[in-house]
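Notes follow once the structure below has been shown.
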Amino acid sequence: MSLFWIVIRQLAEIEAMAMSKKVITREEWEKKLNDVKIRKEDMNKLVMNFLVTEGYVEAAEKFRMESGTEPDIDLATITDRMAVKKAVQCGNVEDAIEKVNDLNPEILDTNPQLFFHLQQQRLIELIRNGKVEEALEFAQEELAPRGEENQSFLEELERTVALLAFEDVSNCPVGELLDMSQRLKTASEVNAAILTSQSHEKG
Amino acid sequence: MNSSNNDSCSNSTSTNNSIGGRDLGLYFLDQARLCSAAAPSAMDEAEAEEAPTELNTINSSGGFLVVSTDKLSVKYTSVNLHGHDVGAVQANRPAPFKRLLYYFEMYVKDAGVKGQVSIGFTSESFKMRRQPGWEANSCGYHGDDGLLYRGGAKGEPFGPTYATGDVVGGGINYASQEFFFTKNGAVVGTVYKDMKGPLFPTVAVHSQNEEVHVNFGQKPFDFDLKTFEAQERLKQQATIEKISLPPNVSYEIVRSYLLHYGYEDTLNSLYMAGKSTVPPVSMNQENGFDEQDLLYALSQRKTLRQLIRNGEIDAAFSRLHEWYPQIVQDDKSATCFLLHCQKFIELVRVGKLEEAVKYGRIELSKYFSLARFEELVQDCVALLAYERPMESFAGYLLEDSQREVVADMVNAMILSTNPNVKDLQGCLHSYLERLLRQLTACCLERRSLNGDQGEGFHLHRALNSTMKANS
């Protein structure tokens, strides 16, 4: 999760909060806004952080040249990470898992939740492609043991398997698992895990 | 009409350059001054708090206890006769509160005859001959019974008892507005904090031979505070992540940033990359920003930024005369002033001091009589006096950030020449900047509603803590 997203979300959170009633005039508020000191170079760093986390390598390079901002991670590591992210986004989860292990086998070892979500995504893709038998086998052999160890994994597993119960998946209560947004969520998770492991390597 | 010693800006040039008569460029004059040594960082000042470092020997209940010379331990010297001869000691300062947590520890060297040691927080007016928690506006976790007292003779079941050899800690979580206590490295419990006002870390001893040592952070804590803090932040993070945002909103904000400041190459790269992501980025026209205004003069703004970032001020001037003469028409405007200063600075930077002096005489001397320009022009000229100007108090002028201010100013001035521009203020601040200001101001407001307790949001700090985590 890039710092950029964190910042934007924080703002959304505050605006959503119901605060105790206090009246502030527009003038007062504009003065408070104007009193805030923001450095241009900090905003540049934030934007660079976005480009790098999302994997826009070329844009990051150009931004470095145009603004003089140094990226906070090595741009060379971005392509590998993006390849994994893209694989998940395209539904090629097995490929993604292989690539992650090539990058650093410890990532999945130390991240059981991530690994479970990747396996869950695999199951979703099998179901999406109508491979019912394979899906059931996969669920029983790979995912059920994880479910036994962890209550929330079990719940997730049950939700996913429920997809098989419906003829018309687009209307069922768990239909959102088949959405692109689910793939993007998993892709984002693996992206963040790789970033974290790479930054720990450096330090 | 302006007389020569009227330092208000001229309205006689294109009204496009002014908001209510005020020269748009003046905003950047303030930006330039922000980095000077004379300008204290207001934010840092507001956030600076002193933390407790030792025990307060002045107000402690003398006669019942003795505090060591290093003011970090206390021993009960009397014989416990009743409930008003407690030896309580406060820290020398109240707990700082402009942060997420505060924490301190106490090591029980000797639980004495009755083990009536305790740790907690008390208000300034606390009666020092009572156990923390026995009076209103105080709370204490007592070693003899493991109860938590918060204003009253009756305590509530809270945690284990503790005695000789144990390390107990007391803390305040400003986010959850709770006290928390630890024993030997583990949290034993939390309780809601409804005490307001400054709170002093307090320890107390009450029977013969009781002795405790305090740790205000001068040595590592027994309890893993860092991990605890990280976990608390994760909790906050989890709440934040539940909020859904329109897809690609970050992409669009970044795009508007690049457009606003004229980073054309980056913009094109980002656009091309966005088309080939999975799924391709599609922009939501309803997110409230009108690209057309920001596309105005993009190439030219990019060119001017590059020239200024490279220190080529003459070239910048000639381009401006060619493309936007109205911006550089009035020599007394902030725009011309800052450009001339920058030219001067560039000459000093490469050691062309004679040329700089000549230039200064021709172009800068007129600004000495104008109050709003005086400070900066004096700093510029002062650079001449030093063999190593970079190290002088005016050295900030030689930094990249100064070129950046000038580049941003020229950018804003060009944007303001757009005949379709509806909102001049918009030329000054990108959407990202406005969002960040809103965020910072809201966090401060929220904190002030919370008795000014807790963390605010500071972009600079947020970036640096991430950088530290990544390095």
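Each chain in the structure tokens gets a letter, A, B and so on, in the order shown; residues start at 1 in every chain, and ligands are counted from 1 in the order they appear.
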
Chain A residues near chain B (9 Å cut-off, only C-alpha atoms) as a PyMOL selection string: chain A and resi 3-15+19-20+29+32-43+45-47+50-51+56-68+72-73+86+89-90+180+184+196+198-203

Put those residues in a file: C-alpha atoms, as a PDB file, in the first residue's frame.
ATOM      1  CA  LEU A   3       2.071   6.015   1.288  1.00  0.00           C
ATOM      2  CA  PHE A   4       0.038   7.913  -1.247  1.00  0.00           C
ATOM      3  CA  TRP A   5      -3.009   5.739  -0.697  1.00  0.00           C
ATOM      4  CA  ILE A   6      -2.514   5.950   3.046  1.00  0.00           C
ATOM      5  CA  VAL A   7      -2.565   9.719   2.920  1.00  0.00           C
ATOM      6  CA  ILE A   8      -5.610   9.954   0.711  1.00  0.00           C
ATOM      7  CA  ARG A   9      -7.490   7.436   2.793  1.00  0.00           C
ATOM      8  CA  GLN A  10      -6.704   9.254   6.012  1.00  0.00           C
ATOM      9  CA  LEU A  11      -8.413  12.275   4.617  1.00  0.00           C
ATOM     10  CA  ALA A  12     -11.455  10.243   3.681  1.00  0.00           C
ATOM     11  CA  GLU A  13     -11.568   8.801   7.170  1.00  0.00           C
ATOM     12  CA  ILE A  14     -11.538  12.152   8.833  1.00  0.00           C
ATOM     13  CA  GLU A  15     -14.170  13.573   6.584  1.00  0.00           C
ATOM     14  CA  MET A  19     -17.210  15.109  15.131  1.00  0.00           C
ATOM     15  CA  SER A  20     -18.668  16.896  18.101  1.00  0.00           C
ATOM     16  CA  TRP A  29     -10.953  27.479   8.075  1.00  0.00           C
ATOM     17  CA  LYS A  32      -6.029  27.354   9.023  1.00  0.00           C
ATOM     18  CA  LEU A  33      -5.537  25.894   5.555  1.00  0.00           C
ATOM     19  CA  ASN A  34      -3.200  28.687   4.615  1.00  0.00           C
ATOM     20  CA  ASP A  35      -1.181  28.258   7.785  1.00  0.00           C
ATOM     21  CA  VAL A  36      -0.271  24.723   6.845  1.00  0.00           C
ATOM     22  CA  LYS A  37       3.279  24.539   5.541  1.00  0.00           C
ATOM     23  CA  ILE A  38       3.823  22.014   2.783  1.00  0.00           C
ATOM     24  CA  ARG A  39       7.158  21.630   1.094  1.00  0.00           C
ATOM     25  CA  LYS A  40       7.211  21.088  -2.642  1.00  0.00           C
ATOM     26  CA  GLU A  41       9.952  18.510  -2.308  1.00  0.00           C
ATOM     27  CA  ASP A  42       7.823  16.494   0.116  1.00  0.00           C
ATOM     28  CA  MET A  43       4.956  16.448  -2.358  1.00  0.00           C
ATOM     29  CA  LYS A  45       8.529  12.512  -2.779  1.00  0.00           C
ATOM     30  CA  LEU A  46       4.940  11.452  -2.225  1.00  0.00           C
ATOM     31  CA  VAL A  47       4.293  11.360  -5.959  1.00  0.00           C
ATOM     32  CA  PHE A  50       3.171   6.444  -5.804  1.00  0.00           C
ATOM     33  CA  LEU A  51       4.937   5.862  -9.108  1.00  0.00           C
ATOM     34  CA  TYR A  56       5.375   2.855 -13.175  1.00  0.00           C
ATOM     35  CA  VAL A  57       9.086   2.450 -13.838  1.00  0.00           C
ATOM     36  CA  GLU A  58       9.458   4.716 -16.828  1.00  0.00           C
ATOM     37  CA  ALA A  59       7.322   7.412 -15.325  1.00  0.00           C
ATOM     38  CA  ALA A  60       9.452   7.233 -12.174  1.00  0.00           C
ATOM     39  CA  GLU A  61      12.600   7.652 -14.254  1.00  0.00           C
ATOM     40  CA  LYS A  62      11.140  10.615 -16.093  1.00  0.00           C
ATOM     41  CA  PHE A  63       9.959  12.148 -12.863  1.00  0.00           C
ATOM     42  CA  ARG A  64      13.417  11.786 -11.385  1.00  0.00           C
ATOM     43  CA  MET A  65      14.790  13.716 -14.346  1.00  0.00           C
ATOM     44  CA  GLU A  66      12.112  16.367 -14.466  1.00  0.00           C
ATOM     45  CA  SER A  67      11.878  17.058 -10.761  1.00  0.00           C
ATOM     46  CA  GLY A  68      15.200  15.961  -9.317  1.00  0.00           C
ATOM     47  CA  ASP A  72      13.292   5.695  -2.258  1.00  0.00           C
ATOM     48  CA  ILE A  73      13.800   2.235  -3.703  1.00  0.00           C
ATOM     49  CA  LYS A  86       0.451  -8.532 -13.526  1.00  0.00           C
ATOM     50  CA  GLN A  89      -4.198  -9.441 -12.248  1.00  0.00           C
ATOM     51  CA  CYS A  90      -4.470 -11.704 -15.294  1.00  0.00           C
ATOM     52  CA  MET A 180     -11.767  -8.071 -11.038  1.00  0.00           C
ATOM     53  CA  LEU A 184      -6.732  -6.558  -7.720  1.00  0.00           C
ATOM     54  CA  THR A 196       8.294  -4.947   2.370  1.00  0.00           C
ATOM     55  CA  GLN A 198      12.836  -5.773  -0.524  1.00  0.00           C
ATOM     56  CA  SER A 199      13.060  -2.886   1.864  1.00  0.00           C
ATOM     57  CA  HIS A 200      14.096  -5.207   4.688  1.00  0.00           C
ATOM     58  CA  GLU A 201      16.790  -6.656   2.462  1.00  0.00           C
ATOM     59  CA  LYS A 202      18.278  -3.235   1.992  1.00  0.00           C
ATOM     60  CA  GLY A 203      18.478  -2.449   5.683  1.00  0.00           C
TER      61      GLY A 203
END

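Within the 9 Å cut-off around Val381 in chain B, using only C-alpha atoms and omitting residues fewer than 6 positions from it on the same chain, the listed residues are B:Phe344, B:Ile345, B:Val357, B:Gly360, B:Leu364.
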
Would you return as a ChimeraX atom specification the members of range 168-371 of chain B that DSSP assigns to helix (DSSP H, G or I) on this structure's backbone? /B:225-241,249-261,264-275,285-287,291-295,298-309,313-323,325-327,334-349,353-369,371
